[in-house]
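Structure data (CSV, C-alpha atoms) from protein-v5.csv:
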```csv
chain,number,residue,atom,x,y,z
A,3,MET,CA,-25.8,64.7,-6.5
A,4,THR,CA,-27.6,66.4,-3.6
A,5,MET,CA,-30.3,64.3,-2.0
A,6,ASN,CA,-33.5,66.0,-0.9
A,7,PRO,CA,-34.0,65.7,2.9
A,8,GLU,CA,-37.0,63.9,4.4
A,9,PRO,CA,-39.8,66.3,5.0
A,10,THR,CA,-40.1,67.5,8.6
A,11,THR,CA,-42.8,69.1,10.6
A,12,ASP,CA,-42.6,72.6,12.0
A,13,ASP,CA,-42.7,71.2,15.5
A,14,SER,CA,-39.6,69.0,16.1
A,15,ILE,CA,-41.2,67.4,19.1
A,16,ASP,CA,-43.7,65.7,16.8
A,17,ALA,CA,-41.1,64.5,14.3
A,18,PRO,CA,-40.5,60.7,14.4
A,19,PRO,CA,-37.0,59.6,15.7
A,20,PRO,CA,-34.4,59.1,13.0
A,21,GLY,CA,-34.9,55.9,11.0
A,22,THR,CA,-38.6,55.5,11.9
A,23,LEU,CA,-40.3,57.6,9.2
A,24,THR,CA,-41.7,54.5,7.4
A,25,LEU,CA,-43.1,53.1,10.6
A,26,ALA,CA,-44.6,56.5,11.5
A,27,ARG,CA,-46.3,56.7,8.1
A,28,GLY,CA,-47.7,53.2,8.5
A,29,LEU,CA,-49.1,54.1,11.9
A,30,GLU,CA,-50.6,57.3,10.5
A,31,ILE,CA,-52.4,55.1,7.9
A,32,LEU,CA,-53.9,53.0,10.7
A,33,ARG,CA,-55.0,56.1,12.6
A,34,ALA,CA,-56.5,57.6,9.4
A,35,VAL,CA,-58.6,54.4,8.8
A,36,GLY,CA,-59.6,54.5,12.4
A,37,ARG,CA,-60.9,58.0,11.9
A,38,GLY,CA,-62.9,57.1,8.8
A,39,ALA,CA,-60.6,57.0,5.8
A,40,THR,CA,-61.8,54.4,3.4
A,41,ASN,CA,-59.8,54.9,0.2
A,42,LEU,CA,-56.2,55.2,-1.0
A,43,ASN,CA,-56.3,58.9,-1.6
A,44,GLU,CA,-57.4,59.6,2.0
A,45,VAL,CA,-54.8,57.3,3.6
A,46,ALA,CA,-52.0,58.6,1.3
A,47,ALA,CA,-52.9,62.2,2.3
A,48,ALA,CA,-52.9,61.3,6.0
A,49,ALA,CA,-49.5,59.6,5.8
A,50,ASN,CA,-48.1,62.4,3.6
A,51,ILE,CA,-46.9,59.9,1.0
A,52,GLY,CA,-47.6,59.0,-2.6
A,53,LYS,CA,-50.4,56.6,-3.6
A,54,SER,CA,-48.0,53.9,-4.7
A,55,ALA,CA,-46.2,53.9,-1.3
A,56,ALA,CA,-49.5,54.0,0.5
A,57,GLN,CA,-50.8,51.1,-1.5
A,58,ARG,CA,-47.8,49.0,-0.6
A,59,MET,CA,-48.2,49.8,3.1
A,60,VAL,CA,-51.9,49.1,3.0
A,61,LYS,CA,-51.3,45.8,1.3
A,62,LEU,CA,-48.9,44.7,4.0
A,63,GLN,CA,-51.2,45.8,6.8
A,64,VAL,CA,-54.1,43.8,5.1
A,65,GLN,CA,-51.8,40.7,4.9
A,66,ARG,CA,-50.9,41.0,8.6
A,67,GLY,CA,-54.5,41.6,9.6
A,68,PHE,CA,-54.2,45.2,10.8
A,69,LEU,CA,-56.5,46.4,8.0
A,70,ARG,CA,-59.4,44.9,6.0
A,71,SER,CA,-60.0,45.8,2.4
A,72,THR,CA,-62.7,45.0,-0.1
A,73,HIS,CA,-61.7,45.1,-3.8
A,74,GLY,CA,-58.6,47.1,-2.9
A,75,THR,CA,-60.6,49.9,-1.2
A,76,ASP,CA,-63.3,50.3,1.5
A,77,PHE,CA,-60.6,50.1,4.2
A,78,SER,CA,-61.4,49.3,7.8
A,79,LEU,CA,-59.5,48.3,10.9
A,80,GLY,CA,-58.6,44.6,11.0
A,81,PRO,CA,-58.9,41.7,13.5
A,82,ALA,CA,-55.3,42.0,14.6
A,83,LEU,CA,-56.1,45.4,16.0
A,84,ILE,CA,-59.2,44.2,17.8
A,85,GLU,CA,-57.1,41.5,19.5
A,86,LEU,CA,-54.4,43.9,20.5
A,87,GLY,CA,-57.0,46.4,21.7
A,88,PHE,CA,-58.5,43.9,24.1
A,89,HIS,CA,-55.0,43.0,25.3
A,90,ALA,CA,-54.2,46.7,25.9
A,91,LEU,CA,-57.5,47.2,27.7
A,92,TYR,CA,-57.1,44.4,30.1
A,93,GLN,CA,-53.4,44.9,30.8
A,94,SER,CA,-54.5,48.0,32.7
A,95,PRO,CA,-55.7,47.1,36.2
A,96,VAL,CA,-58.4,49.8,36.2
A,97,PRO,CA,-60.9,48.2,33.8
A,98,VAL,CA,-60.5,44.8,35.4
A,99,ILE,CA,-60.9,46.0,38.9
A,100,ALA,CA,-63.8,48.4,38.1
A,101,LYS,CA,-65.8,46.0,35.8
A,102,PRO,CA,-67.9,44.1,38.5
A,103,ILE,CA,-68.4,47.3,40.5
A,104,LEU,CA,-69.7,49.2,37.5
A,105,GLU,CA,-72.0,46.3,36.5
A,106,GLU,CA,-73.5,46.2,39.9
A,107,LEU,CA,-74.0,50.0,39.8
A,108,ALA,CA,-75.8,49.9,36.5
A,109,ARG,CA,-77.9,46.9,37.6
A,110,LYS,CA,-79.0,48.7,40.8
A,111,TYR,CA,-79.7,52.1,39.3
A,112,GLN,CA,-80.7,51.1,35.8
A,113,ASP,CA,-78.7,53.8,34.1
A,114,THR,CA,-75.7,53.8,31.8
A,115,VAL,CA,-72.3,53.7,33.5
A,116,HIS,CA,-69.0,54.7,31.9
A,117,LEU,CA,-65.3,54.3,32.7
A,118,ALA,CA,-62.9,56.6,31.0
A,119,VAL,CA,-59.3,57.8,31.1
A,120,GLU,CA,-57.6,60.9,29.7
A,121,ASP,CA,-55.5,60.2,26.6
A,122,GLU,CA,-54.0,62.8,24.3
A,123,ALA,CA,-55.9,65.5,26.1
A,124,GLN,CA,-59.2,63.8,25.4
A,125,VAL,CA,-61.7,61.6,27.2
A,126,LEU,CA,-61.2,58.0,26.1
A,127,TYR,CA,-64.0,55.6,27.0
A,128,VAL,CA,-62.6,52.2,28.2
A,129,ASP,CA,-65.8,50.6,29.4
A,130,LYS,CA,-69.5,51.1,29.2
A,131,VAL,CA,-72.3,49.2,30.9
A,132,PRO,CA,-75.6,50.2,29.2
A,133,GLY,CA,-78.6,51.1,31.3
A,134,THR,CA,-82.0,49.3,31.1
A,135,ARG,CA,-84.2,52.3,30.6
A,136,GLY,CA,-84.5,55.4,28.5
A,137,ALA,CA,-82.6,56.1,25.3
A,138,GLN,CA,-79.3,54.4,24.5
A,139,MET,CA,-76.2,56.6,24.9
A,140,ARG,CA,-74.3,57.1,21.6
A,141,SER,CA,-71.0,56.6,23.5
A,142,ARG,CA,-68.9,53.5,22.9
A,143,VAL,CA,-65.7,51.9,24.1
A,144,GLY,CA,-62.8,53.4,22.3
A,145,GLN,CA,-64.6,56.6,21.5
A,146,ARG,CA,-63.0,60.0,22.3
A,147,MET,CA,-64.8,63.1,23.6
A,148,PRO,CA,-63.6,66.6,24.6
A,149,LEU,CA,-62.8,67.0,28.3
A,150,SER,CA,-64.7,70.2,28.9
A,151,ARG,CA,-68.1,69.2,27.8
A,152,THR,CA,-68.5,65.8,29.4
A,153,GLY,CA,-69.1,65.1,33.1
A,154,ILE,CA,-66.5,62.4,33.0
A,155,GLY,CA,-64.0,64.7,31.4
A,156,LYS,CA,-64.6,67.4,34.0
A,157,ALA,CA,-64.0,64.7,36.7
A,158,LEU,CA,-60.6,63.9,35.0
A,159,LEU,CA,-59.7,67.6,35.2
A,160,LEU,CA,-60.6,68.3,38.8
A,161,ASP,CA,-57.1,68.4,40.2
A,162,THR,CA,-55.6,70.6,37.4
A,163,PRO,CA,-57.2,74.1,37.6
A,164,LEU,CA,-54.4,75.6,35.6
A,165,ARG,CA,-55.7,73.6,32.6
A,166,TRP,CA,-59.3,74.5,32.8
A,167,GLU,CA,-59.3,77.7,30.8
A,168,SER,CA,-56.9,76.5,28.1
A,169,THR,CA,-58.9,73.2,27.7
A,170,PHE,CA,-62.1,75.1,27.3
A,171,ASP,CA,-60.6,77.5,24.8
A,172,SER,CA,-59.1,74.7,22.7
A,173,GLU,CA,-62.4,72.8,22.6
A,174,SER,CA,-64.6,75.9,21.9
A,175,PRO,CA,-66.7,77.1,20.4
A,176,VAL,CA,-67.1,74.3,17.8
A,177,GLU,CA,-66.9,71.4,20.4
A,178,GLN,CA,-69.4,72.9,22.9
A,179,ALA,CA,-72.9,71.5,22.4
A,180,SER,CA,-74.4,74.0,24.9
A,181,HIS,CA,-74.1,77.8,25.0
A,182,GLN,CA,-72.2,77.7,28.2
A,183,THR,CA,-69.7,80.6,28.6
A,184,LYS,CA,-66.2,80.1,29.7
A,185,GLU,CA,-66.9,82.0,32.9
A,186,ALA,CA,-69.8,79.6,33.7
A,187,PHE,CA,-67.6,76.6,33.0
A,188,LEU,CA,-64.8,77.9,35.2
A,189,SER,CA,-67.3,78.6,38.0
A,190,ARG,CA,-68.7,75.1,37.8
A,191,MET,CA,-65.3,73.6,37.8
A,192,LYS,CA,-64.4,75.4,41.0
A,193,ALA,CA,-67.5,74.0,42.7
A,194,TYR,CA,-67.0,70.5,41.3
A,195,ALA,CA,-63.3,70.5,42.5
A,196,LYS,CA,-64.5,71.5,46.0
A,197,GLU,CA,-67.1,68.7,46.1
A,198,GLY,CA,-65.0,66.1,44.2
A,199,ILE,CA,-67.9,65.4,41.8
A,200,ALA,CA,-68.6,66.7,38.3
A,201,MET,CA,-71.7,66.9,36.2
A,202,ASP,CA,-72.8,67.1,32.6
A,203,LEU,CA,-75.8,69.3,32.3
A,204,GLU,CA,-76.6,68.5,28.6
A,205,ASP,CA,-73.2,70.1,27.7
A,206,ASN,CA,-72.3,67.2,25.4
A,207,GLU,CA,-75.5,65.7,24.1
A,208,PRO,CA,-79.0,67.4,24.2
A,209,GLY,CA,-81.3,65.6,26.7
A,210,ILE,CA,-78.4,63.7,28.4
A,211,ARG,CA,-77.2,64.4,31.9
A,212,CYS,CA,-74.6,62.6,34.1
A,213,VAL,CA,-72.8,62.6,37.4
A,214,ALA,CA,-69.1,61.7,37.5
A,215,ALA,CA,-66.4,61.1,40.0
A,216,PRO,CA,-62.6,60.6,39.7
A,217,ILE,CA,-60.7,57.4,40.4
A,218,ARG,CA,-57.3,57.8,42.1
A,219,ASP,CA,-54.2,55.5,42.4
A,220,GLY,CA,-52.0,54.9,45.4
A,221,SER,CA,-50.3,58.3,44.9
A,222,GLY,CA,-53.6,60.1,45.0
A,223,GLN,CA,-53.4,61.1,41.4
A,224,ILE,CA,-56.5,61.0,39.2
A,225,ILE,CA,-56.0,58.2,36.7
A,226,ALA,CA,-59.6,57.5,35.5
A,227,ALA,CA,-63.2,58.5,36.2
A,228,ILE,CA,-66.7,57.0,36.2
A,229,SER,CA,-70.0,58.4,35.3
A,230,MET,CA,-73.7,57.6,35.4
A,231,SER,CA,-75.7,59.0,32.5
A,232,ALA,CA,-79.4,59.1,31.7
A,233,THR,CA,-82.0,61.1,29.8
A,234,ASN,CA,-83.5,64.2,31.3
A,235,PRO,CA,-86.6,62.5,32.7
A,236,TYR,CA,-84.5,60.1,34.8
A,237,MET,CA,-82.0,62.8,35.9
A,238,PRO,CA,-83.8,65.7,37.5
A,239,ASP,CA,-81.8,68.0,39.7
A,240,GLU,CA,-82.8,66.2,42.9
A,241,ARG,CA,-81.7,62.8,41.7
A,242,MET,CA,-78.4,64.2,40.4
A,243,LYS,CA,-77.8,65.6,43.9
A,244,ALA,CA,-78.5,62.3,45.5
A,245,LEU,CA,-76.2,60.5,43.1
A,246,LYS,CA,-73.2,62.6,44.1
A,247,SER,CA,-72.6,60.4,47.2
A,248,VAL,CA,-73.3,57.2,45.2
A,249,MET,CA,-70.7,58.0,42.5
A,250,GLY,CA,-68.2,59.4,45.0
A,251,SER,CA,-68.3,56.3,47.2
A,252,THR,CA,-68.2,54.0,44.2
A,253,ALA,CA,-65.1,55.8,42.8
A,254,THR,CA,-63.5,55.6,46.3
A,255,GLN,CA,-64.2,51.9,46.4
A,256,ILE,CA,-62.4,51.4,43.1
A,257,SER,CA,-59.6,53.7,44.2
A,258,ARG,CA,-59.0,51.7,47.4
A,259,LYS,CA,-58.5,48.6,45.3
A,260,LEU,CA,-55.8,50.5,43.4
A,261,GLY,CA,-53.9,51.4,46.6
A,262,TYR,CA,-55.5,54.8,47.3
A,263,SER,CA,-55.6,55.5,51.1
A,264,GLY,CA,-56.5,59.2,51.1
A,265,LYS,CA,-59.8,61.0,51.8
A,266,THR,CA,-63.0,59.0,51.6
A,267,PHE,CA,-65.9,60.7,49.8
```
What is this file in structure tokens?
Amino acid sequence: MTMNPEPTTDDSIDAPPPGTLTLARGLEILRAVGRGATNLNEVAAAANIGKSAAQRMVKLQVQRGFLRSTHGTDFSLGPALIELGFHALYQSPVPVIAKPILEELARKYQDTVHLAVEDEAQVLYVDKVPGTRGAQMRSRVGQRMPLSRTGIGKALLLDTPLRWESTFDSESPVEQASHQTKEAFLSRMKAYAKEGIAMDLEDNEPGIRCVAAPIRDGSGQIIAAISMSATNPYMPDERMKALKSVMGSTATQISRKLGYSGKTF
């Protein structure tokens, strides 16, 4: 009797290692729920398995606290993931070192401050200190955003000009909130790379502007970025210009604590 082989993807790089397919499908279920799947049909489709197998996996993950379920449906991420998420966040030195500096920055300037890293070619927010004036930002810790339309994403890209065009192309036109052309984006990135500072001119969210700067490790590599965001009335052009030195020196301060000994902003 000939056994049917396990299904494979077209891209062998994305295929799970031999013997780990069940684990991979379980992880895909968690990822699907994290992205909004709430019923068995959705998680089964995300993991590419039948409903009965998905039901068994979900039941185990509920038992272990990785998922929550109400009456066998309405799935959501569970408390075990919250605990692990905090451990993952604070095992990285960047959020721990940056936290008091960002809190002081937000207190002094009254605007929202973010800390982010690049993960899977996206912005991943790892900390946020809300401002005390203007509208609240819709961003949150753990949220992902495209690199090319956020100030903090542009800051993460400053050292990699060979990625600028492909990143813009992959995130356009659907992901671009503004009507900015690729040529304008590339021109801005060249100027930002020269200054070491990046900006969001309502590219991501109408009415929201920000100034961002990269954080570097001991090797000089960009490993994170910070930004200060506010609504238009609090971010006129002249204030954004003045905040360049503030954000640059703050990013340098954090970078110094991570072993960076290069150029000071």
Would you kindly return, as an mmCIF file with C-alpha atoms, in the coordinates of the input, each protein, DNA or RNA residue with an atom no farther than 7 Å from any atom of range 55-66 of chain A, considering only C-alpha atoms and excluding same-chain residues fewer than 2 positions away?
```cif
data_model
loop_
_atom_site.group_PDB
_atom_site.id
_atom_site.type_symbol
_atom_site.label_atom_id
_atom_site.label_comp_id
_atom_site.auth_asym_id
_atom_site.auth_seq_id
_atom_site.Cartn_x
_atom_site.Cartn_y
_atom_site.Cartn_z
ATOM 1 C CA GLY A 28 -47.700 53.200 8.500
ATOM 2 C CA LEU A 42 -56.200 55.200 -1.000
ATOM 3 C CA VAL A 45 -54.800 57.300 3.600
ATOM 4 C CA ALA A 46 -52.000 58.600 1.300
ATOM 5 C CA ILE A 51 -46.900 59.900 1.000
ATOM 6 C CA GLY A 52 -47.600 59.000 -2.600
ATOM 7 C CA LYS A 53 -50.400 56.600 -3.600
ATOM 8 C CA PHE A 68 -54.200 45.200 10.800
ATOM 9 C CA LEU A 69 -56.500 46.400 8.000
ATOM 10 C CA ARG A 70 -59.400 44.900 6.000
ATOM 11 C CA SER A 71 -60.000 45.800 2.400
#
```
For Ser189 in chain A, list every protein, DNA or RNA residue within 12 Å, evaluated using all atoms listed in the file, and leave out those in the same chain fewer than 5 positions away; present the list as a PyMOL selection string. chain A and resi 163+166-167+182-184+194-196+200
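CA of Tyr111 in chain A is found 17.9 Å from CA of Ile154 in chain A.
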With distances taken over all atoms listed in the file, which of A:Leu29, A:Leu23, A:Ala157, A:Ala82 is nearest to Ile228 in chain A? A:Ala157
Distance query Pro132 in chain A at most 8 Å, only C-alpha atoms, self and fewer than 2 positions along chain excluded, as a list in words: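 Using only C-alpha atoms, the neighbours found are Ala108, Asp113, Thr114, Val115, Lys130, Thr134, Gln138 and Met139 of chain A.
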Select all residues near (-62.5, 61.7, 44.5) (cut-off 9 Å, inclusive, file coordinates), counting only C-alpha atoms, and output them as a PDB file with C-alpha atoms, in the coordinates of the input.
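What ended up in out_12.pdb:
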```
ATOM      1  CA  ALA A 157     -64.000  64.700  36.700  1.00  0.00           C
ATOM      2  CA  LEU A 160     -60.600  68.300  38.800  1.00  0.00           C
ATOM      3  CA  GLU A 197     -67.100  68.700  46.100  1.00  0.00           C
ATOM      4  CA  GLY A 198     -65.000  66.100  44.200  1.00  0.00           C
ATOM      5  CA  ILE A 199     -67.900  65.400  41.800  1.00  0.00           C
ATOM      6  CA  ALA A 215     -66.400  61.100  40.000  1.00  0.00           C
ATOM      7  CA  PRO A 216     -62.600  60.600  39.700  1.00  0.00           C
ATOM      8  CA  ILE A 217     -60.700  57.400  40.400  1.00  0.00           C
ATOM      9  CA  ARG A 218     -57.300  57.800  42.100  1.00  0.00           C
ATOM     10  CA  ILE A 224     -56.500  61.000  39.200  1.00  0.00           C
ATOM     11  CA  ALA A 227     -63.200  58.500  36.200  1.00  0.00           C
ATOM     12  CA  GLY A 250     -68.200  59.400  45.000  1.00  0.00           C
ATOM     13  CA  SER A 251     -68.300  56.300  47.200  1.00  0.00           C
ATOM     14  CA  ALA A 253     -65.100  55.800  42.800  1.00  0.00           C
ATOM     15  CA  THR A 254     -63.500  55.600  46.300  1.00  0.00           C
ATOM     16  CA  SER A 257     -59.600  53.700  44.200  1.00  0.00           C
ATOM     17  CA  LYS A 265     -59.800  61.000  51.800  1.00  0.00           C
ATOM     18  CA  THR A 266     -63.000  59.000  51.600  1.00  0.00           C
ATOM     19  CA  PHE A 267     -65.900  60.700  49.800  1.00  0.00           C
TER      20      PHE A 267
END
```
For CA of Glu106 in chain A and CA of Val131 in chain A, determine how far apart the two atoms are, in Å to one decimal place.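 Calculated distance between CA of Glu106 in chain A and CA of Val131 in chain A is 9.6 Å.
From CA of Arg33 in chain A back to CA of Pro81 in chain A, the distance works out to 14.9 Å.
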Range 168-171 of chain A environment, 9 Å, all atoms listed in the file, sequence neighbours closer than 4 positions dropped, as a list in words: Ala123, Pro148, Leu149, Ser150, Arg151, Leu164, Pro175, Gln178, Lys184, Phe187 and Leu188 of chain A
For the residues selected in the previous step, produce a file with C-alpha atoms as a short mmCIF file (atom, residue, chain, number, x, y, z; two decimals), in the coordinates of the input.
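Written out: part.cif:
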```cif
data_model
loop_
_atom_site.label_atom_id
_atom_site.label_comp_id
_atom_site.auth_asym_id
_atom_site.auth_seq_id
_atom_site.Cartn_x
_atom_site.Cartn_y
_atom_site.Cartn_z
CA ALA A 123 -55.90 65.50 26.10
CA PRO A 148 -63.60 66.60 24.60
CA LEU A 149 -62.80 67.00 28.30
CA SER A 150 -64.70 70.20 28.90
CA ARG A 151 -68.10 69.20 27.80
CA LEU A 164 -54.40 75.60 35.60
CA PRO A 175 -66.70 77.10 20.40
CA GLN A 178 -69.40 72.90 22.90
CA LYS A 184 -66.20 80.10 29.70
CA PHE A 187 -67.60 76.60 33.00
CA LEU A 188 -64.80 77.90 35.20
#
```
Counting all atoms listed in the file, the option among A:Leu104, A:Ala49, A:Ala232, A:Leu79 closest to Val35 in chain A: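 Comparing A:Leu104, A:Ala49, A:Ala232, A:Leu79 against Val35 in chain A, the winner is A:Leu79.
Across A:Gln124, A:Arg165, A:Arg146, A:Ala47, the tightest approach to Ala34 in chain A is made by A:Ala47 when counting all atoms listed in the file.
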Which is closer to Met249 in chain A than all the others in A:Leu159, A:His116, A:Gly209, A:Glu173, using all atoms listed in the file?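 Residue with the minimum atom-to-atom distance to Met249 in chain A: A:His116.
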Quick one: residues within 7 Å of Thr152 in chain A, only C-alpha atoms, excluding same-chain residues fewer than 4 positions away - as a tab-separated table (two decimals) with C-alpha atoms, in the frame of the given file?
```tsv
chain	number	residue	atom	x	y	z
A	148	PRO	CA	-63.60	66.60	24.60
A	156	LYS	CA	-64.60	67.40	34.00
A	202	ASP	CA	-72.80	67.10	32.60
A	205	ASP	CA	-73.20	70.10	27.70
A	206	ASN	CA	-72.30	67.20	25.40
```
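Distances to Ser263 in chain A were evaluated for A:Gly133, A:Pro97, A:Gly220, A:Met230 using only C-alpha atoms, and the minimum falls at A:Gly220.
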Using all atoms listed in the file, which of the listed residues (A:Ser229, A:Asn41, A:Gln223, A:Ser174) sits closest to Ala118 in chain A? A:Ser229
Rebuild range 67-88 of chain A so that it carries N, CA, C and O atoms, then output the result as a PDB file, keeping the file's coordinate frame.
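The result, written out as out_38.pdb:
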```
ATOM      1  N   GLY A  67     -53.309  41.510   8.872  1.00  0.00           N
ATOM      2  CA  GLY A  67     -54.500  41.600   9.600  1.00  0.00           C
ATOM      3  C   GLY A  67     -54.802  42.875  10.360  1.00  0.00           C
ATOM      4  O   GLY A  67     -55.757  42.983  11.132  1.00  0.00           O
ATOM      5  N   PHE A  68     -53.969  43.887  10.111  1.00  0.00           N
ATOM      6  CA  PHE A  68     -54.200  45.200  10.800  1.00  0.00           C
ATOM      7  C   PHE A  68     -55.245  46.004  10.057  1.00  0.00           C
ATOM      8  O   PHE A  68     -55.837  46.898  10.648  1.00  0.00           O
ATOM      9  N   LEU A  69     -55.467  45.728   8.792  1.00  0.00           N
ATOM     10  CA  LEU A  69     -56.500  46.400   8.000  1.00  0.00           C
ATOM     11  C   LEU A  69     -57.333  45.334   7.272  1.00  0.00           C
ATOM     12  O   LEU A  69     -56.853  44.233   7.004  1.00  0.00           O
ATOM     13  N   ARG A  70     -58.557  45.698   6.947  1.00  0.00           N
ATOM     14  CA  ARG A  70     -59.400  44.900   6.000  1.00  0.00           C
ATOM     15  C   ARG A  70     -59.568  45.770   4.756  1.00  0.00           C
ATOM     16  O   ARG A  70     -59.562  46.996   4.812  1.00  0.00           O
ATOM     17  N   SER A  71     -59.751  45.091   3.621  1.00  0.00           N
ATOM     18  CA  SER A  71     -60.000  45.800   2.400  1.00  0.00           C
ATOM     19  C   SER A  71     -60.885  44.988   1.473  1.00  0.00           C
ATOM     20  O   SER A  71     -60.740  43.765   1.376  1.00  0.00           O
ATOM     21  N   THR A  72     -61.831  45.680   0.848  1.00  0.00           N
ATOM     22  CA  THR A  72     -62.700  45.000  -0.100  1.00  0.00           C
ATOM     23  C   THR A  72     -62.423  45.561  -1.502  1.00  0.00           C
ATOM     24  O   THR A  72     -62.560  46.762  -1.754  1.00  0.00           O
ATOM     25  N   HIS A  73     -61.988  44.674  -2.387  1.00  0.00           N
ATOM     26  CA  HIS A  73     -61.700  45.100  -3.800  1.00  0.00           C
ATOM     27  C   HIS A  73     -60.629  46.183  -3.814  1.00  0.00           C
ATOM     28  O   HIS A  73     -60.697  47.080  -4.653  1.00  0.00           O
ATOM     29  N   GLY A  74     -59.685  46.148  -2.880  1.00  0.00           N
ATOM     30  CA  GLY A  74     -58.600  47.100  -2.900  1.00  0.00           C
ATOM     31  C   GLY A  74     -58.997  48.497  -2.341  1.00  0.00           C
ATOM     32  O   GLY A  74     -58.211  49.438  -2.403  1.00  0.00           O
ATOM     33  N   THR A  75     -60.184  48.612  -1.799  1.00  0.00           N
ATOM     34  CA  THR A  75     -60.600  49.900  -1.200  1.00  0.00           C
ATOM     35  C   THR A  75     -61.570  49.547  -0.042  1.00  0.00           C
ATOM     36  O   THR A  75     -61.559  48.438   0.476  1.00  0.00           O
ATOM     37  N   ASP A  76     -62.392  50.506   0.386  1.00  0.00           N
ATOM     38  CA  ASP A  76     -63.300  50.300   1.500  1.00  0.00           C
ATOM     39  C   ASP A  76     -62.496  49.790   2.733  1.00  0.00           C
ATOM     40  O   ASP A  76     -62.831  48.771   3.334  1.00  0.00           O
ATOM     41  N   PHE A  77     -61.443  50.516   3.103  1.00  0.00           N
ATOM     42  CA  PHE A  77     -60.600  50.100   4.200  1.00  0.00           C
ATOM     43  C   PHE A  77     -61.285  50.188   5.537  1.00  0.00           C
ATOM     44  O   PHE A  77     -62.072  51.105   5.789  1.00  0.00           O
ATOM     45  N   SER A  78     -60.964  49.258   6.425  1.00  0.00           N
ATOM     46  CA  SER A  78     -61.400  49.300   7.800  1.00  0.00           C
ATOM     47  C   SER A  78     -60.380  48.620   8.675  1.00  0.00           C
ATOM     48  O   SER A  78     -59.516  47.891   8.168  1.00  0.00           O
ATOM     49  N   LEU A  79     -60.439  48.873   9.973  1.00  0.00           N
ATOM     50  CA  LEU A  79     -59.500  48.300  10.900  1.00  0.00           C
ATOM     51  C   LEU A  79     -59.686  46.757  10.937  1.00  0.00           C
ATOM     52  O   LEU A  79     -60.811  46.267  10.894  1.00  0.00           O
ATOM     53  N   GLY A  80     -58.586  46.014  11.052  1.00  0.00           N
ATOM     54  CA  GLY A  80     -58.600  44.600  11.000  1.00  0.00           C
ATOM     55  C   GLY A  80     -58.670  43.843  12.283  1.00  0.00           C
ATOM     56  O   GLY A  80     -58.563  44.449  13.354  1.00  0.00           O
ATOM     57  N   PRO A  81     -58.800  42.516  12.245  1.00  0.00           N
ATOM     58  CA  PRO A  81     -58.900  41.700  13.500  1.00  0.00           C
ATOM     59  C   PRO A  81     -57.705  41.725  14.354  1.00  0.00           C
ATOM     60  O   PRO A  81     -57.830  41.572  15.575  1.00  0.00           O
ATOM     61  N   ALA A  82     -56.515  41.935  13.787  1.00  0.00           N
ATOM     62  CA  ALA A  82     -55.300  42.000  14.600  1.00  0.00           C
ATOM     63  C   ALA A  82     -55.380  43.154  15.600  1.00  0.00           C
ATOM     64  O   ALA A  82     -54.949  43.050  16.753  1.00  0.00           O
ATOM     65  N   LEU A  83     -55.944  44.275  15.148  1.00  0.00           N
ATOM     66  CA  LEU A  83     -56.100  45.400  16.000  1.00  0.00           C
ATOM     67  C   LEU A  83     -57.120  45.214  17.104  1.00  0.00           C
ATOM     68  O   LEU A  83     -56.980  45.695  18.228  1.00  0.00           O
ATOM     69  N   ILE A  84     -58.182  44.479  16.760  1.00  0.00           N
ATOM     70  CA  ILE A  84     -59.200  44.200  17.800  1.00  0.00           C
ATOM     71  C   ILE A  84     -58.573  43.327  18.876  1.00  0.00           C
ATOM     72  O   ILE A  84     -58.769  43.594  20.066  1.00  0.00           O
ATOM     73  N   GLU A  85     -57.797  42.332  18.496  1.00  0.00           N
ATOM     74  CA  GLU A  85     -57.100  41.500  19.500  1.00  0.00           C
ATOM     75  C   GLU A  85     -56.174  42.273  20.355  1.00  0.00           C
ATOM     76  O   GLU A  85     -56.178  42.162  21.579  1.00  0.00           O
ATOM     77  N   LEU A  86     -55.347  43.097  19.711  1.00  0.00           N
ATOM     78  CA  LEU A  86     -54.400  43.900  20.500  1.00  0.00           C
ATOM     79  C   LEU A  86     -55.108  44.912  21.368  1.00  0.00           C
ATOM     80  O   LEU A  86     -54.650  45.202  22.477  1.00  0.00           O
ATOM     81  N   GLY A  87     -56.230  45.440  20.872  1.00  0.00           N
ATOM     82  CA  GLY A  87     -57.000  46.400  21.700  1.00  0.00           C
ATOM     83  C   GLY A  87     -57.501  45.800  22.962  1.00  0.00           C
ATOM     84  O   GLY A  87     -57.426  46.416  24.031  1.00  0.00           O
ATOM     85  N   PHE A  88     -58.005  44.567  22.875  1.00  0.00           N
ATOM     86  CA  PHE A  88     -58.500  43.900  24.100  1.00  0.00           C
ATOM     87  C   PHE A  88     -57.316  43.612  25.042  1.00  0.00           C
ATOM     88  O   PHE A  88     -57.441  43.748  26.260  1.00  0.00           O
TER      89      PHE A  88
END
```
